[in-house]
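These notes concern the structure reproduced below.
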Amino acid sequence: MLNIGHILDNKYEVLKVLGQGGMGTVYLCKNNRLGNLWAVKETKINEAEKINFLAESDILKNLVHDGIPRIVDIFYEQDYLYMVEDYIEGETLKEYINKSGSLDSQKLTDISVQLCSILNYLHSFNPPIIYRDLKPSNIMLQSNGKVILIDFGISRTYKEAQDSDTVVLGSKGYIAPEQLMNIQSNTQTDIYSLGATMYFMATGKMPSYPTEIINKDNYPSNLNPVIVDAILKASAIEPENRYKDILELKNTLLNHKNGLDDFKTKAVNEYDKTILAPKYTALDKKVNKKKPVFKIITALILMIALIFILSVALMNSNKSKISSNNTSNDAASKNNRTNGKEDKNINTPAPMQQEDKDITIRGILSKDNATVLNSGNNNVKGKAKGKEKNENKNLQLLFNLTPAASINNSKFYIAIDNIELIENTLIASLNIQNKTNDLINIDLEKTYFLDSSNESVKCYNPSSITKLPIPPNSTKQGIKIYFKNFSFKGTSYSLSSTLVGSVNRNLNLFIDIK
């Protein structure tokens, strides 16, 4: 971290630290030549990581929107990249809510509509620009109520021919479930993150799990139901159940906002009218003073008579019921005596529940039958022994398991279909289906790849997410799990992990090497 007073590029003097995160540090700097203030973002360059450090500048240099900061300069010093952007005065949405508490429907709607406008602008490009990290700490609120979206560090353009992102990036609580499964981020992932951010605005709490957002009981009772429904749809676990695009969500919010405004206008007009009281003559007052006493007495007498009649009818009805019950009881008693039987409570044993058994299949991987990827030749099949994969750093090998290593029962199905080797990194491609009505999570902190001597490699997880959610009643979904520093050493392996949620258990998928 730079010291206060440090001079960057012979002109930017560091005044203070504005923020710090996983992608770098942001400083408030003064241009000593012009005297104006700028936000300067510092990012350490690490060639080993598969991250495009110029992604933010490449995206921002082409954007013109009043809700997005400009980038005006780029330079390098030692092992760091520096980007000079507009300095946005104000506070983040996270700071504001932590200080003031959750928002009412009107303010929540105003902020959300502005965010929809910014995202709609990004998504309107061809191909669309995906922000990928929408969260309260990346949203600036200015004193005039204007919203600015900052930190485009992990934004990217959508690649139509690509199935997955290069790396899983995002922030806990706001990252879409499909991003955790290494499915390529798209406009739907931004919609989910906005829904999660709206949940934070509504409750003042960061969501821990996707199911927390879609539980209506977690919302304040005074929050408008239209807002709650909008959040639930935006943050649906399955992407196809969300809004089809950000513009549809924006229109929903605008219609709600206009409906509120119309209601307020009608209410003001209705109750703000001046009503003139009619003038009464002296004759009116005289007539009003006369009270029809005989009518009141008559009404009281009729009411008393009605109450008496109803009471008598009710008593007769109760006597009739008692008599009927006694008669039926006597008949039942007589019948029991006739048959020589007594009334007994028969305890019927509960039906036995069938034990849920696993159908387990050991997968078979043939080392001599690999598909070579990205080697200059197109999917050439041939022998690929363990050593040969290290001879070429660009060599990627794909092994299809025949049969797949799998576990299947009434609650879930999980299988390893294939394994990919890139240098010393193993990528296991899983297919998993949740057959229950509740969420199941794969605990990444307890996921290992073990050999026959029980030596293990823990899964590599670059994000802060520790659990991969599998939506309830889902179709089979593809998941990739990474293991670094791996090499073939034996003839059998197993992927060991733990499921938590509606299913709590350990699981082991076995692979035999041929």
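To be explicit about the labels: the chains of the structure tokens are called A, B, and onward in the order shown, and within each one the residues are counted from 1, while ligands get numbers from 1 in the order they are shown.
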
### Message
Taking 6 positions as the minimum chain separation for residues in the same chain, which residues sit within 7 Å of segment 242-258 of chain A when counting only C-alpha atoms? Answer as an MDAnalysis selection string.
### Response
chainID A and resid 109 113 116 120 191 233:236

Can you write out the residues you just picked, keeping C-alpha atoms, as a PDB file, in the first residue's frame?
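Saved to selection.pdb:
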ATOM      1  CA  THR A 109     -37.400   1.672  -6.156  1.00  0.00           C
ATOM      2  CA  VAL A 113     -34.525   1.913 -11.425  1.00  0.00           C
ATOM      3  CA  CYS A 116     -31.545  -0.968 -14.188  1.00  0.00           C
ATOM      4  CA  ASN A 120     -29.548  -1.892 -19.592  1.00  0.00           C
ATOM      5  CA  ILE A 191     -30.268  -9.563 -12.965  1.00  0.00           C
ATOM      6  CA  LYS A 233     -38.429 -13.070  -9.633  1.00  0.00           C
ATOM      7  CA  ALA A 234     -35.108 -11.286 -10.246  1.00  0.00           C
ATOM      8  CA  SER A 235     -33.276 -13.631  -7.859  1.00  0.00           C
ATOM      9  CA  ALA A 236     -34.894 -16.905  -8.929  1.00  0.00           C
TER      10      ALA A 236
END

### Task
Tell me, as a ChimeraX atom specification, which residues lie within 12 Å of segment 202-206 of chain A, counting only C-alpha atoms; anything in the same chain fewer than 4 positions away does not count.
/A:93-109,111-112,135-137,171-175,193,195-198,210,212-213,216-225,227-228,230-231

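The interatomic distance for the pair atom CA of Ile422 of chain A and atom CA of Val457 of chain A works out to 15.5 Å.
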
### Task
Figure out the distance between atom CA of Cys29 of chain A and atom CA of His6 of chain A, please, to one decimal in Å.
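Computing the Euclidean distance for atom CA of His6 of chain A and atom CA of Cys29 of chain A yields 9.4 Å.
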
### Message
Considering only C-alpha atoms, can you say which of A:Tyr460, A:Phe200, A:Tyr413, A:Tyr80 comes closest to Val503 of chain A?
### Response
A:Tyr413

### Task
Pick out each residue of segment 45-133 of chain A that DSSP on the backbone tags as strand (DSSP E or B); I need them as an MDAnalysis selection string.
chainID A and resid 71:77 80:86 91:92 129:130

So that I have them on file, write out the residues from the current selection with N, CA and C atoms, as a short mmCIF file (atom, residue, chain, number, x, y, z; two decimals), in the first residue's frame.
data_model
loop_
_atom_site.label_atom_id
_atom_site.label_comp_id
_atom_site.auth_asym_id
_atom_site.auth_seq_id
_atom_site.Cartn_x
_atom_site.Cartn_y
_atom_site.Cartn_z
N ILE A 71 -12.61 6.78 -17.56
CA ILE A 71 -11.19 6.48 -17.33
C ILE A 71 -10.38 7.43 -18.20
N VAL A 72 -9.41 8.13 -17.59
CA VAL A 72 -8.71 9.20 -18.30
C VAL A 72 -7.22 8.93 -18.50
N ASP A 73 -6.66 7.94 -17.78
CA ASP A 73 -5.23 7.71 -17.90
C ASP A 73 -4.89 6.30 -17.41
N ILE A 74 -3.85 5.70 -18.01
CA ILE A 74 -3.34 4.39 -17.61
C ILE A 74 -1.82 4.45 -17.61
N PHE A 75 -1.19 3.91 -16.57
CA PHE A 75 0.28 3.84 -16.55
C PHE A 75 0.73 2.70 -15.65
N TYR A 76 2.00 2.33 -15.79
CA TYR A 76 2.58 1.23 -15.01
C TYR A 76 3.71 1.76 -14.14
N GLU A 77 3.84 1.17 -12.96
CA GLU A 77 5.00 1.43 -12.10
C GLU A 77 5.37 0.13 -11.42
N TYR A 80 2.87 -2.95 -10.90
CA TYR A 80 1.50 -2.50 -10.70
C TYR A 80 0.97 -1.75 -11.92
N LEU A 81 -0.31 -1.94 -12.16
CA LEU A 81 -1.03 -1.18 -13.18
C LEU A 81 -1.89 -0.14 -12.47
N TYR A 82 -1.89 1.10 -12.97
CA TYR A 82 -2.67 2.18 -12.37
C TYR A 82 -3.65 2.73 -13.40
N MET A 83 -4.91 2.86 -12.98
CA MET A 83 -5.94 3.45 -13.83
C MET A 83 -6.53 4.67 -13.13
N VAL A 84 -6.56 5.78 -13.85
CA VAL A 84 -7.05 7.04 -13.30
C VAL A 84 -8.49 7.25 -13.78
N GLU A 85 -9.41 7.34 -12.82
CA GLU A 85 -10.83 7.46 -13.14
C GLU A 85 -11.44 8.67 -12.44
N ASP A 86 -12.67 9.00 -12.85
CA ASP A 86 -13.41 10.08 -12.17
C ASP A 86 -13.51 9.77 -10.68
N GLU A 91 -21.16 8.21 -0.75
CA GLU A 91 -20.90 7.02 0.05
C GLU A 91 -21.49 5.82 -0.67
N THR A 92 -20.95 4.65 -0.37
CA THR A 92 -21.47 3.45 -1.01
C THR A 92 -22.83 3.10 -0.42
N ILE A 129 -22.12 -6.26 -22.46
CA ILE A 129 -21.11 -6.18 -21.40
C ILE A 129 -21.76 -6.67 -20.11
N ILE A 130 -21.15 -7.66 -19.48
CA ILE A 130 -21.68 -8.24 -18.24
C ILE A 130 -20.89 -7.66 -17.08
#

### Distance criterion (only C-alpha atoms): nearest to Leu397 of chain A out of A:Lys411, A:Lys367, A:Arg33, A:Lys458
A:Lys367
